[in-house]
Amino acid sequence: MSLKIKALTKSIWVFHLAASPCNNCDIEILDLLTPRFDVERFGIQLVGSVRHADAILVTGSMNRKARERLKRVIAQAAKPCFVIAIGNCACSMEMFGKSYNQMECLDNVAEVDAYIAGCPPKPEAMIQGVVALIQAQLAALKKK
Amino acid sequence: MTPVNRTQIIPIGPYHPLQEEPEFFKLHVEGEKVVKLEIEIGYNHRGIEKLAEGLTYDQVPFLVERVCGICSTSHPFACVNAIEDVGGFDIPERAKYIRTFIGELERIHSHLLWLGLAGHFLGYNTVWMWAWKYREPVLDCFELITGNRNHYAMFKPGGVRRDIEDEDIPTAMRILDGLERPLLMFAKIAMADPVLQARLKNVGVLSYQDCVELGALGPTSRASGVPWDVRKDHPYAAYDKVEWDVVTTENGDVFDKVIVRVLEMLESVKICKQCLEKLREVKDGIDANYKEIPPGEGIGHHEAPRGEVFHYVRSDGSNRPVRYKIRAPSFMNVPTNNRAVVGYTVSDATITLAAIDPCYCCTERTIVVDVDTGKQLMGWKELLRLSQEKTRKLMEKYKSRMDRVWI
Amino acid sequence: MADEVVEGLKTKFGDAIKDVYEKSRRRTYITVDAARLPDIAEYCYKDLGCRFQICTGMHLEHGFEILYHFAMDRADRIINLRVILDLEKPSIESIARRVPAAEWIEREMWELLGIEFRNHPDMRHLLLTDDWLEGNYPLRRDWKDWRGGEHDTSE
């Protein structure tokens, strides 16, 4: 198990999962790939299938329709797989919590490994969040 | 062209990394031709209209800003127009120029974003990288003036929340000047590249009649010659105080939609510069400070990058709306896919679906089924690959002419 | 120009035009008889050349109101046709066959407010899930939250 976690901390392949977002977090995630931030030089890339992913980036407040799909996708992911909540909506449903089409918060449905808050979080904040997650995993490994 | 194998079933990953929010498209194909389209939406429905009934008028712009993140200023713009329409309120002239400036800067960032995605769907990843690279200074300009790259929170009923400082104007002007060369480059590429012409001309055609019948909005209808533009037809803010033109073309295909968006960006740069010049002189304040909204109803609309955003508010004199209605332009544009995608080949489906610039994006959950057997043939990933493959083949064909296009 | 439109409507539809409120030069609200609404809407769309913008449905104390918003782009004006429907059984003829742009919004008004649109070409859920509790309309003033209760079969 520890070898898998260690392998996960290098060249993370991420899968982007949009669960009723307003799209702002999503375009900031895509911004990470473009020349100014260019995370591909760290080996981080977006993959088309969740089965290839080391981490799932979830955006949006997860309405009723999106919740069913989200559960299925996370179940399909090859474990271990980090789940990272990007943006205030994924962290806490932000201002949509009281809506008739919202069910519950993301962390009631899946185990979230990192919360990156912001509306939207700046690309620098997302990079910092991912780095903090990696460092936390490596520190936990060392303790063992 | 990769032949479509009727008996092959390819499992779809339900979410595609390049697509923001899903709608669901089911393309029924006969061989390579799309014969029917089913559209399902609702993956983004967060019940915002009902939420607005529980908020005060000061809070509503913050809520509606998050209807869409890409045109995140369009909804607050229509919102404040609607609230001000209830009482027939006017706002200071400086506020009008600031609103217009922010609205047009957003149009530039939104169209550049779309250009990048369109490039990716076609297999021109360089266009994607360049379009988003030139978008970064626009986001820097937003951050300089409003404090955030997205979700600017600039609008309030009665005016704007923040002023534009005189010392920031030269920086903003410099950024706008720096945009003209890349925008002209994109226009040149579109006009001169034979592969883009082959891919986009006569693809996904919407006729003038289609657009009028379905109420299509924004560049989607202006590309078909329908001159609807709320900024010219129902002037508001400072749009009737600056010089600019509505961009229309005739053919209604995807190529025209590209041209309309690129030329609109150039018009937006023109408008922004004029607003900034005016802001050096017009200093009458940024907020009319209205305290009460009388009973009544108000309608506000704004020409967002995708088309007309429409808001309606019913007030009973208290500080919360009785009813708040929001209609995004994609609500009118997405049904036009029934006419633009059906009858064309499946390899053109990705770019046609993207051509209306769907704001509740979109094409991520697209599957293709065989019309006879009902069996699922491919998903979004495969559709994208089909589109990019078609471009690659065309690039081979036009190889000798290509070398002269790229600078 | 302002009066021509209203006078034209009154001449053509007589009693069906119940009330006209000219809020401003740009905004006119016309209350019409619900039974004649489809003809009046078609007249605005075809004869006056208006652009159909959207409908707003509301659940109010005195009844269900639907506003049909039509833009006269050349005249910088919006004509709003208002109908008031019965509180117990709100029902009106669909205009979707005459004004194709209205198809989706009528579906939305049915599923969120419970207004019946007679002879709609394709009435089914647009935004809500298909397993949404029947007869439960979220945008109504007296909406009852059914989620998580005995009727909710989602996991």
# chains A, B, ... in the order shown; residues from 1 in each chain; ligands from 1

call {"tool": "residues_around", "arguments": {"residues": "Gly60 of chain A", "least_positions_apart": "2", "cutoff": "6 Å", "atoms": "only C-alpha atoms", "output": "list in words"}}
result
Ala19, Ser20, Pro21, Met62, Cys89 and Ala90 of chain A

call {"tool": "interface_residues", "arguments": {"of": "chain C", "to": "chain B", "cutoff": "6 Å", "atoms": "only C-alpha atoms", "output": "PyMOL selection string"}}
result
chain C and resi 73+76+100-101+127

call {"tool": "select_by_dssp", "arguments": {"residues": "segment 27-129 of chain A", "states": "helix (DSSP H, G or I)", "output": "PyMOL selection string"}}
result
chain A and resi 27-31+39-42+50-52+64-76+87-92+94-96+106-109+123-129

call {"tool": "select_by_dssp", "arguments": {"residues": "segment 93-132 of chain C", "states": "strand (DSSP E)", "output": "VMD selection string"}}
result
chain C and resid 93 116 to 118

call {"tool": "residues_around", "arguments": {"residues": "segment 35-42 of chain A", "least_positions_apart": "3", "cutoff": "7 Å", "atoms": "only C-alpha atoms", "output": "ChimeraX atom specification"}}
result
/A:11,32,45 /B:129,133

call {"tool": "write_last_selection", "arguments": {"atoms": "N, CA and C atoms", "output": "PDB file, in the first residue's frame"}}
result
ATOM      1  N   SER A  11       4.069  12.776 -10.509  1.00  0.00           N
ATOM      2  CA  SER A  11       3.360  12.806 -11.802  1.00  0.00           C
ATOM      3  C   SER A  11       1.895  12.414 -11.662  1.00  0.00           C
ATOM      4  N   LEU A  32      -4.495  25.770 -15.577  1.00  0.00           N
ATOM      5  CA  LEU A  32      -3.245  25.198 -15.079  1.00  0.00           C
ATOM      6  C   LEU A  32      -2.446  24.551 -16.198  1.00  0.00           C
ATOM      7  N   GLN A  45      -1.168  15.630 -15.613  1.00  0.00           N
ATOM      8  CA  GLN A  45      -1.998  15.819 -16.791  1.00  0.00           C
ATOM      9  C   GLN A  45      -3.430  15.375 -16.531  1.00  0.00           C
TER      10      GLN A  45
ATOM     11  N   MET B 129      -3.576  26.843 -26.848  1.00  0.00           N
ATOM     12  CA  MET B 129      -2.581  27.400 -25.941  1.00  0.00           C
ATOM     13  C   MET B 129      -2.397  28.893 -26.159  1.00  0.00           C
ATOM     14  N   LYS B 133      -3.253  31.866 -23.649  1.00  0.00           N
ATOM     15  CA  LYS B 133      -2.097  32.660 -23.230  1.00  0.00           C
ATOM     16  C   LYS B 133      -2.428  34.139 -23.342  1.00  0.00           C
TER      17      LYS B 133
END

call {"tool": "closest_atom_pairs", "arguments": {"of": "chain A", "to": "chain C", "cutoff": "9 Å", "atoms": "only C-alpha atoms", "output": "CSV"}}
result
residue,atom,partner,partner_atom,distance
A:Arg64,CA,C:Thr129,CA,7.3
A:Lys65,CA,C:Thr129,CA,6.2
A:Glu68,CA,C:Glu155,CA,8.5
A:Tyr100,CA,C:Pro138,CA,6.7
A:Asn101,CA,C:Leu128,CA,7.9
A:Met103,CA,C:Arg147,CA,7.9

call {"tool": "residues_around", "arguments": {"residues": "Ile30 of chain C", "least_positions_apart": "2", "cutoff": "9 Å", "atoms": "only C-alpha atoms", "output": "MDAnalysis selection string"}}
result
chainID C and resid 6 17:22 28 32 79:83

call {"tool": "write_last_selection", "arguments": {"atoms": "N, CA and C atoms", "output": "CSV table (one decimal), in the first residue's frame"}}
result
chain,number,residue,atom,x,y,z
C,6,VAL,N,-50.7,49.1,-29.3
C,6,VAL,CA,-51.8,48.8,-28.4
C,6,VAL,C,-53.1,49.0,-29.2
C,17,ILE,N,-58.4,41.9,-24.7
C,17,ILE,CA,-57.4,42.8,-24.1
C,17,ILE,C,-58.1,43.4,-22.9
C,18,LYS,N,-57.7,43.0,-21.7
C,18,LYS,CA,-58.4,43.4,-20.5
C,18,LYS,C,-57.8,44.6,-19.9
C,19,ASP,N,-56.5,44.8,-19.9
C,19,ASP,CA,-55.9,45.9,-19.2
C,19,ASP,C,-54.5,46.2,-19.9
C,20,VAL,N,-54.2,47.5,-20.0
C,20,VAL,CA,-52.9,47.9,-20.6
C,20,VAL,C,-52.2,48.8,-19.6
C,21,TYR,N,-51.0,48.5,-19.3
C,21,TYR,CA,-50.2,49.3,-18.4
C,21,TYR,C,-49.0,49.7,-19.1
C,22,GLU,N,-48.9,51.0,-19.5
C,22,GLU,CA,-47.7,51.5,-20.1
C,22,GLU,C,-46.7,52.0,-19.1
C,28,THR,N,-44.3,47.7,-21.8
C,28,THR,CA,-45.8,47.7,-21.8
C,28,THR,C,-46.3,46.4,-21.3
C,32,VAL,N,-54.3,39.9,-20.8
C,32,VAL,CA,-55.3,39.4,-21.8
C,32,VAL,C,-56.0,38.2,-21.3
C,79,ILE,N,-42.9,44.1,-25.1
C,79,ILE,CA,-44.4,43.9,-24.8
C,79,ILE,C,-44.5,42.7,-24.0
C,80,ASN,N,-45.2,42.8,-22.9
C,80,ASN,CA,-45.4,41.7,-22.0
C,80,ASN,C,-46.9,41.3,-21.9
C,81,LEU,N,-47.2,40.1,-22.3
C,81,LEU,CA,-48.6,39.7,-22.3
C,81,LEU,C,-48.8,38.9,-21.0
C,82,ARG,N,-49.8,39.3,-20.2
C,82,ARG,CA,-50.0,38.7,-18.9
C,82,ARG,C,-51.3,37.9,-18.9
C,83,VAL,N,-51.3,36.7,-18.4
C,83,VAL,CA,-52.5,35.9,-18.2
C,83,VAL,C,-52.6,35.5,-16.7

call {"tool": "interface_residues", "arguments": {"of": "chain A", "to": "chain B", "cutoff": "7 Å", "atoms": "only C-alpha atoms", "output": "list in words"}}
result
Phe15, His16, Leu17, Ala18, Ser20, Pro21, Cys22, Asn23, Asn24, Asp26, Thr34, Pro35, Arg36, Leu46, Val47, Gly48, Ser49, Asn63, Lys65, Ala66, Phe96, Ser99, Tyr100, Asn101 and Gln102 of chain A

call {"tool": "residues_around", "arguments": {"residues": "segment 65-70 of chain C", "least_positions_apart": "4", "cutoff": "9 Å", "atoms": "only C-alpha atoms", "output": "PyMOL selection string"}}
result
chain C and resi 29+31+41+44-45+50-60+77-85

call {"tool": "residues_around", "arguments": {"residues": "Gly204 of chain B", "least_positions_apart": "5", "cutoff": "7 Å", "atoms": "only C-alpha atoms", "output": "list of chain:residue names"}}
result
B:Asp253, B:Val254, B:Ala340, B:Val341, B:Thr352

call {"tool": "atom_distance", "arguments": {"atom1": "atom CA of Ile95 of chain C", "atom2": "atom CA of Pro38 of chain C"}}
result
5.5 Å

call {"tool": "closest_residue", "arguments": {"among": "A:Val50, A:Met126, A:Ile116, A:Cys91", "to": "Lys79 of chain A", "atoms": "only C-alpha atoms"}}
result
A:Val50

call {"tool": "residues_around", "arguments": {"residues": "Asp113 of chain A", "least_positions_apart": "6", "cutoff": "6 Å", "atoms": "only C-alpha atoms", "output": "VMD selection string"}}
result
chain A and resid 82 to 84

call {"tool": "write_last_selection", "arguments": {"atoms": "N, CA and C atoms", "output": "compact mmCIF listing (two decimals), in the first residue's frame"}}
result
# COMPACT_ATOMS: atom_id res chain seq x y z
N PHE A 82 -6.99 9.85 -4.79
CA PHE A 82 -7.35 10.99 -3.97
C PHE A 82 -8.60 11.67 -4.51
N VAL A 83 -9.43 12.20 -3.63
CA VAL A 83 -10.54 13.04 -4.06
C VAL A 83 -10.26 14.43 -3.53
N ILE A 84 -10.19 15.37 -4.45
CA ILE A 84 -9.87 16.75 -4.06
C ILE A 84 -11.07 17.63 -4.38

call {"tool": "closest_residue", "arguments": {"among": "B:Tyr236, B:Tyr344, B:Phe25, B:Tyr57", "to": "Gly103 of chain B", "atoms": "only C-alpha atoms"}}
result
B:Tyr236
